[in-house]
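To keep things clear, I will list the structure first and then write my remarks on it.
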Amino acid sequence: MPTSREIHLVSRPAGMPTPDNFAMVETQVGDASDGEVLVQNLYMSVDPAMRPRLTAGQELGEAMMGGALGRVVQSKNPDFAVGDLVTSRNGFREFFVSNGQGLARLAADPDLPVIAYMHAMGMTGFTAYGGILHIGQLKDGEQVFVSTAAGAVGSIAAQIAKIKGCYVVGSTGSADKAAWLKDEVGLDAVINYKEQPIRKALEEATPKGVDVYFDNVGGDHLEAALRRMNTLGRIPVCGFISGYNSGHSNVSNLSNIIYSRVMLRGFVGTDFLHLHDQFLTDMAGWLKAGKIKTQQTVLNGIENAPAAMIGLMEGRNAGKMLVKLAE
């Protein structure tokens with residue numbers, strides 16, 4: 001019967017989350033009973049979409065939920081063997097017992113690092129893949145703008161657009177991230193929105209307009225993009241980070257959707273599960289060929305999960321934010 005530490009939400013944040021909103025709780029996790037498995041988490045994911053649930057959705061005084069990669073350490077379930085790698089939504093804890101529901105066995109490619117399945121080969125990469133290709137209906141050679149292009153999802157979406165021969169502009173909030181996008185990823189233009197007003201910078205960077213805007217931000221980025229959208233342009237809305245802490249995000253020119261006949265659609269990764277097998281094939285090939293580059297910010301230890309959440313919201317991560325829980 002192992003001892004497990006887990007992170008609870010103990011109060012609702014007013015604006016930016018603070019350490020006081022969280023508590024680490026030590027619990028005893030039972031051994032696996034018939035039909036069950038005991039899983040030790042190796043990595044857990046921290047994502048912007050978790051922030052709205054801190055305001056409404058996540059129960060107080062309970063272990064938080066989030067994506068995780070773990071290893072089966074006890075099994076009395078015939079579908080899982082000791083040593084199997086599994087993915088789940090049972091992050092923010094070191095151990096958990098499951099009857100198998102919500103668990104997926106990971107058949108990892110031996111030529112890729114396991115951590116890739118927490119980023120490019122995982123739900124992050126799949127969200128970017130389906131968002132830009134299926135929801136955004138990307139065509140080869142189009143004009144593309146991606147906000148938070150150095151982030152976990154944005155960086156993959158931007159690189160898929162480059163693979164498809166598109167002209168790609170990305171925005172980010174630091175000089176280091178801008179340099180990585182320009183020099184390592186090879187975007188055609190990069191906007192540091194903390195140094196340049198996004199509206200003017202985007203106008204200068206998109207002389208042929210924008211066919212697809214992959215939106216992770218909303219707010220002033222969406223407003224700037226709507227001014228540049230070409231007729232029949234598409235805006236897949238993956239995130240709205242500008243409003244996650246404030247609770248609102250103003251856009252004054254939504255009427256441009258009408259005049260330019262723009263499709264604006266929110267989505268989540270489960271909207272295109274029929275593409276998952278093709279995604280795994282494509283992404284593995286791109287990674288092995290060096291066509292997709294990734295960055296991870298990894299904090300060690302469950303005790304640093306709240307700091308990872310706060311750091312993500314403050315933009316202190318490079319690429320995917322992860323917490324390593326065990327070897």
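Labels for the structure tokens follow display order: chains A, B, ..., residues from 1 in each chain, ligands from 1.
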
Can you tell me, as a list in words, what residues are no more than 6 Å from range 73-78 of chain A when counting only C-alpha atoms, ignoring any on the same chain fewer than 6 positions away?
->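 Listing them by chain and then by number gives Asp34, Gly35, Glu36, Val37, Leu38 and Val39 of chain A.
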
Could you give me, as JSON lines, every range 57-166 of chain A residue with an atom at most 10 Å from range 217-238 of chain A, plus its closest atom pair and distance in Å to one decimal, counting only C-alpha atoms, rows ordered by chain then number?
{"residue": "A:Thr127", "atom": "CA", "partner": "A:Cys238", "partner_atom": "CA", "distance": 8.1}
{"residue": "A:Ala128", "atom": "CA", "partner": "A:Cys238", "partner_atom": "CA", "distance": 8.4}
{"residue": "A:Gly130", "atom": "CA", "partner": "A:Pro236", "partner_atom": "CA", "distance": 9.8}
{"residue": "A:Gly131", "atom": "CA", "partner": "A:Pro236", "partner_atom": "CA", "distance": 6.2}
{"residue": "A:Ile132", "atom": "CA", "partner": "A:Pro236", "partner_atom": "CA", "distance": 7.0}
{"residue": "A:Leu133", "atom": "CA", "partner": "A:Pro236", "partner_atom": "CA", "distance": 9.7}
{"residue": "A:His134", "atom": "CA", "partner": "A:Pro236", "partner_atom": "CA", "distance": 9.3}
{"residue": "A:Ile135", "atom": "CA", "partner": "A:Pro236", "partner_atom": "CA", "distance": 5.9}
{"residue": "A:Gly136", "atom": "CA", "partner": "A:Pro236", "partner_atom": "CA", "distance": 5.4}
{"residue": "A:Gln137", "atom": "CA", "partner": "A:Arg234", "partner_atom": "CA", "distance": 7.5}
{"residue": "A:Leu138", "atom": "CA", "partner": "A:Arg234", "partner_atom": "CA", "distance": 8.5}
{"residue": "A:Gln143", "atom": "CA", "partner": "A:Asn230", "partner_atom": "CA", "distance": 9.1}
{"residue": "A:Val144", "atom": "CA", "partner": "A:Met229", "partner_atom": "CA", "distance": 9.8}
{"residue": "A:Phe145", "atom": "CA", "partner": "A:Ala225", "partner_atom": "CA", "distance": 7.9}
{"residue": "A:Val146", "atom": "CA", "partner": "A:Val217", "partner_atom": "CA", "distance": 9.5}
{"residue": "A:Ser147", "atom": "CA", "partner": "A:Val217", "partner_atom": "CA", "distance": 6.4}
{"residue": "A:Thr148", "atom": "CA", "partner": "A:Val217", "partner_atom": "CA", "distance": 7.2}
{"residue": "A:Val153", "atom": "CA", "partner": "A:Cys238", "partner_atom": "CA", "distance": 8.6}
{"residue": "A:Gly154", "atom": "CA", "partner": "A:Cys238", "partner_atom": "CA", "distance": 9.1}

From the set A:Gly151, A:Gly239, A:Pro19, A:Gly122, which residue has the shortest atom-to-atom contact distance to Ala49 in chain A, counting only C-alpha atoms?
-> A:Gly239

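In this model, the gap between CA of Phe80 in chain A and CA of Met1 in chain A comes to 19.2 Å.
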
Pick out the closest residue to Asp111 in chain A from this set: A:Val72, A:Met16, A:Leu287, A:Val190. Count only C-alpha atoms.
-> A:Leu287

Name the residues of range 75-206 of chain A that come out as strand (DSSP E or B) in a backbone DSSP run; write them as JSON, numbers by chain.
-> {"A": [75, 85, 86, 87, 88, 90, 93, 95, 96, 97, 98, 104, 105, 143, 144, 145, 146, 151, 167, 168, 169, 170, 171, 172, 189, 190, 191, 192]}

Could you pull out the residues in range 130-171 of chain A that DSSP calls alpha helix (DSSP H) from the backbone, as an MDAnalysis selection string?
-> chainID A and resid 130 152:163

How many Å lie between CA of Gly83 in chain A and CA of Glu26 in chain A, rounded to one decimal?
-> 24.5 Å

For CA of Thr124 in chain A and CA of Trp180 in chain A, determine how far apart the two atoms are, in Å to one decimal place.
->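 CA of Trp180 in chain A lies 19.2 Å from CA of Thr124 in chain A.
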